[in-house]
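Data block for structure-v3.txt (compact mmCIF, C-alpha atoms):
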# COMPACT_ATOMS: atom_id res chain seq x y z
CA MET B 43 19.10 68.90 -103.64
CA ARG B 44 16.26 66.47 -103.43
CA ALA B 45 16.99 62.89 -102.53
CA GLY B 46 14.80 60.36 -104.28
CA PHE B 47 14.28 56.66 -104.47
CA GLY B 48 16.02 54.44 -106.95
CA ILE B 49 19.39 56.10 -106.74
CA GLU B 50 20.76 53.45 -104.42
CA LYS B 51 23.00 51.48 -106.75
CA ARG B 52 24.86 49.08 -104.52
CA SER B 53 27.36 46.60 -105.76
CA THR B 54 30.04 46.45 -103.12
CA THR B 55 30.77 43.45 -100.93
CA SER B 56 29.69 45.29 -97.76
CA TRP B 57 26.35 46.23 -99.22
CA LEU B 58 25.75 42.69 -100.49
CA TRP B 59 26.57 41.26 -97.04
CA GLN B 60 24.29 43.80 -95.41
CA ALA B 61 21.51 42.89 -97.84
CA ALA B 62 22.09 39.13 -97.37
CA THR B 63 22.10 39.36 -93.57
CA GLY B 64 19.03 41.62 -93.73
CA ILE B 65 17.12 39.07 -95.81
CA LEU B 66 18.21 36.23 -93.50
CA LEU B 67 17.09 38.30 -90.53
CA LEU B 68 13.47 38.41 -91.71
CA PRO B 69 12.65 34.73 -90.98
CA LEU B 70 15.07 34.52 -88.03
CA LEU B 71 13.60 37.59 -86.33
CA ALA B 72 10.04 36.42 -87.01
CA LEU B 73 10.87 33.03 -85.47
CA HIS B 74 12.57 34.68 -82.48
CA LEU B 75 9.65 37.03 -81.82
CA ILE B 76 6.99 34.34 -82.24
CA ALA B 77 8.80 31.60 -80.29
CA ASN B 78 10.06 33.78 -77.44
CA HIS B 79 7.39 36.43 -77.06
CA PHE B 80 4.15 36.05 -79.01
CA VAL B 81 3.26 32.47 -78.05
CA VAL B 82 4.39 32.89 -74.44
CA ALA B 83 1.83 33.90 -71.82
CA GLY B 84 2.77 37.37 -70.56
CA GLY B 85 5.26 37.84 -73.40
CA GLU B 86 8.27 36.57 -71.44
CA ARG B 87 9.36 33.15 -70.19
CA ASN B 88 10.22 32.62 -66.52
CA PHE B 89 13.60 31.12 -65.65
CA ALA B 90 12.44 27.49 -65.69
CA GLU B 91 10.73 28.00 -69.06
CA VAL B 92 13.85 29.66 -70.53
CA ALA B 93 16.03 26.78 -69.30
CA ALA B 94 13.60 24.21 -70.74
CA CYS B 95 13.42 26.06 -74.06
CA MET B 96 17.20 26.36 -74.31
CA GLY B 97 17.45 22.62 -73.62
CA ASN B 98 16.25 22.09 -77.19
CA PRO B 99 19.35 21.98 -79.48
CA ALA B 100 17.34 23.26 -82.45
CA ILE B 101 16.34 26.38 -80.51
CA VAL B 102 19.96 26.94 -79.42
CA VAL B 103 21.21 26.67 -83.02
CA LEU B 104 18.51 29.08 -84.23
CA GLU B 105 19.19 31.59 -81.45
CA VAL B 106 22.97 31.52 -82.01
CA LEU B 107 22.43 31.87 -85.77
CA PHE B 108 20.09 34.79 -85.09
CA LEU B 109 22.72 36.41 -82.83
CA VAL B 110 25.46 36.03 -85.46
CA VAL B 111 23.29 37.36 -88.30
CA VAL B 112 21.78 40.27 -86.32
CA THR B 113 25.21 41.30 -85.01
CA SER B 114 26.76 41.12 -88.49
CA HIS B 115 23.93 43.25 -89.89
CA ALA B 116 24.20 45.72 -87.00
CA MET B 117 27.99 46.08 -87.28
CA LEU B 118 27.88 46.56 -91.06
CA GLY B 119 25.19 49.20 -90.54
CA LEU B 120 27.13 50.90 -87.73
CA ARG B 121 30.24 51.02 -89.89
CA SER B 122 28.27 52.45 -92.79
CA ILE B 123 26.75 55.16 -90.57
CA LEU B 124 30.10 56.06 -89.02
CA PHE B 125 31.77 56.30 -92.43
CA ASP B 126 28.86 58.32 -93.72
CA MET B 127 29.31 60.81 -90.89
CA GLY B 128 32.48 61.98 -92.56
CA VAL B 129 35.19 59.93 -90.81
CA PRO B 130 38.52 60.76 -92.51
CA THR B 131 39.60 58.10 -95.01
CA ARG B 132 42.83 57.34 -93.12
CA TRP B 133 40.82 56.36 -89.99
CA ARG B 134 38.41 54.08 -91.80
CA PRO B 135 40.45 50.83 -91.72
CA ALA B 136 41.00 51.16 -87.96
CA LEU B 137 37.37 52.07 -87.39
CA GLY B 138 36.27 49.09 -89.49
CA ARG B 139 38.48 46.78 -87.42
CA GLY B 140 37.13 48.30 -84.20
CA VAL B 141 33.55 47.67 -85.28
CA ALA B 142 34.47 44.09 -86.32
CA ILE B 143 36.05 43.47 -82.89
CA LEU B 144 32.91 44.84 -81.20
CA GLY B 145 30.85 42.41 -83.28
CA VAL B 146 33.04 39.44 -82.36
CA LEU B 147 32.87 40.39 -78.65
CA THR B 148 29.09 40.73 -78.88
CA VAL B 149 28.68 37.28 -80.42
CA ALA B 150 31.17 35.77 -77.94
CA TYR B 151 29.24 37.29 -75.03
CA GLY B 152 25.94 36.00 -76.40
CA ILE B 153 27.34 32.48 -76.82
CA TRP B 154 28.81 32.57 -73.30
CA LEU B 155 25.42 33.66 -71.96
CA THR B 156 23.67 30.85 -73.88
CA ILE B 157 26.08 28.25 -72.48
CA THR B 158 25.62 29.66 -68.96
CA ILE B 159 21.83 29.40 -69.25
CA ILE B 160 21.97 25.83 -70.62
CA ARG B 161 24.16 24.75 -67.69
CA MET U 27 37.11 47.95 -103.00
CA LYS U 28 35.06 51.00 -102.31
CA VAL U 29 33.13 50.83 -99.06
CA ALA U 30 29.37 50.75 -99.45
CA GLU U 31 27.51 53.79 -98.26
CA GLU U 32 23.82 54.43 -98.04
CA ALA U 33 24.28 58.12 -98.64
CA ALA U 34 21.67 59.92 -100.62
CA PRO U 35 22.95 63.11 -102.24
CA GLY U 36 23.02 66.04 -99.87
CA LEU U 37 22.37 63.91 -96.79
CA ARG U 38 25.79 63.12 -95.41
CA ARG U 39 25.74 64.61 -91.89
CA PRO U 40 23.23 63.54 -89.21
CA SER U 41 22.03 67.13 -88.88
CA ARG U 42 21.22 67.01 -92.59
CA TRP U 43 19.61 63.56 -92.46
CA LEU U 44 17.08 65.08 -90.10
CA ASP U 45 16.55 68.29 -92.04
CA LEU U 46 13.61 67.10 -94.09
CA ARG U 47 12.24 70.49 -95.12
CA GLY U 48 11.32 70.43 -98.78
CA ARG U 49 12.36 66.81 -99.19
CA HIS U 50 10.13 63.98 -100.27
CA GLU U 51 9.56 60.39 -99.20
CA GLY U 52 12.97 59.13 -100.26
CA ALA U 53 14.68 61.42 -97.75
CA TRP U 54 12.14 60.56 -95.04
CA ALA U 55 12.74 56.86 -95.65
CA TYR U 56 16.52 57.39 -95.55
CA ALA U 57 16.42 59.42 -92.31
CA LEU U 58 14.03 57.00 -90.61
CA ASN U 59 16.10 54.03 -91.76
CA ARG U 60 19.17 55.57 -90.11
CA LEU U 61 17.33 56.52 -86.92
CA THR U 62 15.72 53.08 -86.55
CA ALA U 63 19.11 51.44 -87.26
CA ILE U 64 20.75 53.40 -84.44
CA GLY U 65 17.82 52.70 -82.13
CA LEU U 66 17.85 48.97 -82.90
CA ILE U 67 21.63 48.71 -82.40
CA ALA U 68 21.15 50.35 -78.98
CA TYR U 69 18.28 47.94 -78.29
CA LEU U 70 20.47 44.94 -79.19
CA TYR U 71 22.83 45.82 -76.34
CA VAL U 72 19.98 46.65 -73.93
CA HIS U 73 18.45 43.25 -74.78
CA LEU U 74 21.76 41.44 -74.17
CA GLY U 75 22.14 43.37 -70.91
CA VAL U 76 18.66 42.31 -69.80
CA LEU U 77 19.33 38.68 -70.79
CA SER U 78 22.50 38.74 -68.69
CA LEU U 79 20.16 38.71 -65.67
CA LEU U 80 19.52 35.06 -66.55
CA ALA U 81 23.10 34.31 -65.55
CA HIS U 82 22.28 35.52 -62.00
CA GLY U 83 19.73 32.77 -61.46
CA PRO U 84 15.96 32.27 -61.20
CA SER U 85 15.17 34.81 -58.47
CA THR U 86 16.88 37.71 -60.28
CA TRP U 87 15.23 36.87 -63.62
CA ASN U 88 11.78 36.18 -62.21
CA SER U 89 11.74 39.37 -60.13
CA PHE U 90 12.82 41.33 -63.21
CA LEU U 91 9.92 39.78 -65.15
CA ALA U 92 7.50 41.16 -62.57
CA THR U 93 8.70 44.71 -63.30
CA THR U 94 8.18 44.27 -67.07
CA LYS U 95 4.40 44.14 -66.55
CA ALA U 96 4.41 47.93 -66.11
CA PRO U 97 2.83 49.96 -68.95
CA PHE U 98 6.17 51.68 -69.58
CA PHE U 99 7.68 48.38 -70.78
CA THR U 100 4.65 47.64 -72.98
CA ALA U 101 5.06 51.08 -74.56
CA LEU U 102 8.78 50.41 -75.03
CA ASP U 103 7.99 47.08 -76.71
CA ALA U 104 5.56 48.88 -79.03
CA VAL U 105 8.23 51.44 -80.01
CA VAL U 106 10.75 48.64 -80.68
CA LEU U 107 8.21 46.72 -82.76
CA LEU U 108 7.44 49.85 -84.80
CA GLY U 109 11.17 50.37 -85.38
CA VAL U 110 11.66 46.73 -86.39
CA LEU U 111 8.69 46.79 -88.78
CA PHE U 112 9.76 50.03 -90.43
CA HIS U 113 13.44 49.04 -90.69
CA SER U 114 12.79 45.53 -92.01
CA LEU U 115 10.10 46.46 -94.55
CA ASN U 116 11.97 49.55 -95.74
CA GLY U 117 15.04 47.32 -95.94
CA ILE U 118 13.19 45.08 -98.39
CA ARG U 119 12.59 48.18 -100.56
CA VAL U 120 16.25 49.20 -100.32
CA VAL U 121 17.42 45.72 -101.36
CA LEU U 122 14.91 45.45 -104.22
CA THR U 123 15.66 48.89 -105.66
CA GLY U 124 19.38 48.36 -104.97
CA VAL U 125 19.42 45.33 -107.26
CA GLY U 126 17.30 47.12 -109.85
CA VAL U 127 13.92 45.55 -109.08
CA ALA U 128 10.80 47.72 -108.94
CA VAL U 129 12.81 50.92 -109.31
CA ARG U 130 10.06 52.50 -111.40
CA TRP U 131 7.46 51.68 -108.74
CA HIS U 132 9.58 52.68 -105.74
CA ARG U 133 7.02 55.10 -104.31
CA LEU U 134 4.20 52.60 -104.61
CA LEU U 135 6.47 49.94 -103.12
CA PHE U 136 7.37 52.20 -100.18
CA ARG U 137 3.75 53.13 -99.50
CA SER U 138 2.60 49.51 -99.80
CA LEU U 139 5.30 48.28 -97.43
CA MET U 140 4.49 51.02 -94.92
CA ALA U 141 0.81 50.06 -95.12
CA LEU U 142 1.86 46.45 -94.46
CA ALA U 143 3.95 47.66 -91.47
CA ALA U 144 0.89 49.44 -90.06
CA ILE U 145 -1.29 46.32 -90.54
CA LEU U 146 1.32 44.05 -88.91
CA PHE U 147 1.65 46.48 -86.01
CA LEU U 148 -2.11 46.46 -85.46
CA VAL U 149 -2.26 42.65 -85.71
CA ALA U 150 0.61 42.35 -83.20
CA GLY U 151 -1.21 44.74 -80.84
CA LEU U 152 -4.40 42.72 -81.22
CA LEU U 153 -2.60 39.42 -80.52
CA TRP U 154 -0.85 41.04 -77.56
CA SER U 155 -4.11 42.25 -76.05
CA ILE U 156 -5.93 38.92 -76.68
CA ARG U 157 -3.09 36.91 -75.13
CA GLY U 158 -2.95 39.25 -72.12
Would you encode the structure as structure tokens?
Amino acid sequence: MRAGFGIEKRSTTSWLWQAATGILLLPLLALHLIANHFVVAGGERNFAEVAACMGNPAIVVLEVLFLVVVTSHAMLGLRSILFDMGVPTRWRPALGRGVAILGVLTVAYGIWLTITIIR
Amino acid sequence: MKVAEEAAPGLRRPSRWLDLRGRHEGAWAYALNRLTAIGLIAYLYVHLGVLSLLAHGPSTWNSFLATTKAPFFTALDAVVLLGVLFHSLNGIRVVLTGVGVAVRWHRLLFRSLMALAAILFLVAGLLWSIRG
């Protein structure tokens, strides 16, 4: 069977969240790449430059928002891929919770790291 | 509520996502979207792992930075950028066609967005080389 475009009718909550986080990611990722890599000599900031940059509350808010949105998008995508691989229906709720916990841990780790760098 | 799936008919298992014989652009886009998604999720954790070096202080981070000047890391950055450009621009197509916009022009939309990805990749490479 041939798979074509235009057959992707999505109306579920998960798909809408994935789409919303994906759209939000476009400006957030562009800002992240430009601010942290493209305008920085050598592409990476040294430790003092990172500390100075993270001293700006606006940057911290943007980076944490980026982390939350990118992790949400990644976890929704991971769940979708895992389900699509043929995971039995009875395992899906547990798998969904596992992926959600992984996402929460990822965001928590990122926030801890941000606080550590600021200090 | 039914869980959302990206499945295109006949493409449920990974081995079948990658079997693109006789399939057209829709299947290529689907397979590449999945592959770049998996790659970018892996990269998210690699990136967090690398950033954790910041918690070890200036000497650890600054000595790590010196190693990233190697061509291998530049090549890796280029692969990640390609993945990001494909995934994000193809994602725009998926969202638009998913909500019923531009469904009739999906092939043109896909080709235009991939052309834009190629242009953005070249511009990024140019900026990278100018900045040094």
Step by step, gather every atom of region 66-69 of chain B that the file lists, find the box along x, y and z that holds them, add 6 Å on each side, and finally give centre and edge lengths in Å to one decimal, as JSON.
{"center_x": 15.4, "center_y": 36.6, "center_z": -92.0, "size_x": 17.6, "size_y": 15.7, "size_z": 15.0}
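Of the residues listed (U:Leu58, U:Ile145, U:Leu111, U:Ile67), U:Ile67 shows the shortest atom-to-atom separation from chain B; distances use all atoms listed in the file.
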Identify, on the basis of only C-alpha atoms, every residue whose closest approach to Ile156 (chain U) does not exceed 12 Å; exclude the query and any residue fewer than 4 positions from it along the same chain; express the result as a list in words.
-> Phe80, Val81, Ala83, Gly84 and Gly85 of chain B; Val149, Ala150, Gly151 and Leu152 of chain U
Using only C-alpha atoms, can you list as JSON, numbers by chain the residues within 12 Å of (4.8, 56.0, -100.3)?
-> {"B": [46, 47], "U": [50, 51, 52, 53, 54, 55, 116, 119, 131, 132, 133, 134, 135, 136, 137, 138, 139, 140, 141, 142]}
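Interatomic distance, CA of Gly65 (chain U) against CA of Arg132 (chain B): 27.7 Å.
Going from CA of Val121 (chain U) over to CA of Ala61 (chain B), you cover 6.1 Å.
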Point-to-point distance from CA of Leu58 (chain B) to CA of Ser114 (chain U), Å rounded to tenths | 15.7 Å
Quick one: everything within 12 Å of Val103 (chain B), counting all atoms listed in the file, minus sequence neighbours fewer than 5 positions away in the same chain. Send it as a PDB file with C-alpha atoms, in the frame of the given file.
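Dumped everything to out.pdb:
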ATOM      1  CA  LEU B  70      15.070  34.520 -88.030  1.00  0.00           C
ATOM      2  CA  HIS B  74      12.570  34.680 -82.480  1.00  0.00           C
ATOM      3  CA  CYS B  95      13.420  26.060 -74.060  1.00  0.00           C
ATOM      4  CA  MET B  96      17.200  26.360 -74.310  1.00  0.00           C
ATOM      5  CA  GLY B  97      17.450  22.620 -73.620  1.00  0.00           C
ATOM      6  CA  ASN B  98      16.250  22.090 -77.190  1.00  0.00           C
ATOM      7  CA  PHE B 108      20.090  34.790 -85.090  1.00  0.00           C
ATOM      8  CA  LEU B 109      22.720  36.410 -82.830  1.00  0.00           C
ATOM      9  CA  VAL B 110      25.460  36.030 -85.460  1.00  0.00           C
ATOM     10  CA  ILE B 153      27.340  32.480 -76.820  1.00  0.00           C
ATOM     11  CA  THR B 156      23.670  30.850 -73.880  1.00  0.00           C
ATOM     12  CA  ILE B 157      26.080  28.250 -72.480  1.00  0.00           C
TER      13      ILE B 157
END
Exercise: region 80-94 of chain U partners within 6 Å, all atoms listed in the file, chain neighbours under 3 positions left out, as a count of residues only | 4
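Considering the residues B:Leu71, B:Leu120, B:Arg161, B:Leu155 and counting only C-alpha atoms, Leu79 (chain U) has its shortest atom-to-atom contact with B:Leu155.
Across B:Leu68, B:Ile101, B:Leu137, B:Ile143, the tightest approach to chain U is made by B:Leu68 when counting all atoms listed in the file.
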In the coordinates of the file, take the point (14.4, 53.3, -81.1) and a cut-off of 7 Å; then, counting all atoms listed in the file, name each qualifying protein, DNA or RNA residue as number ranges by chain.
-> U: 62, 65-66, 105-106, 109
If you count all atoms listed in the file, the residue of B:Thr63, B:Ile160, B:Pro69, B:Gly119 closest to Ala94 (chain B) turns out to be B:Ile160
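In this comparison, which uses all atoms listed in the file, the residue of B:Ala72, B:Asn78, B:Met127, B:Ala62 approaching chain U most closely is B:Met127.
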With distances taken over all atoms listed in the file, which of B:Leu66, B:Thr54, B:Trp154, B:Leu73 is nearest to chain U?
-> B:Thr54
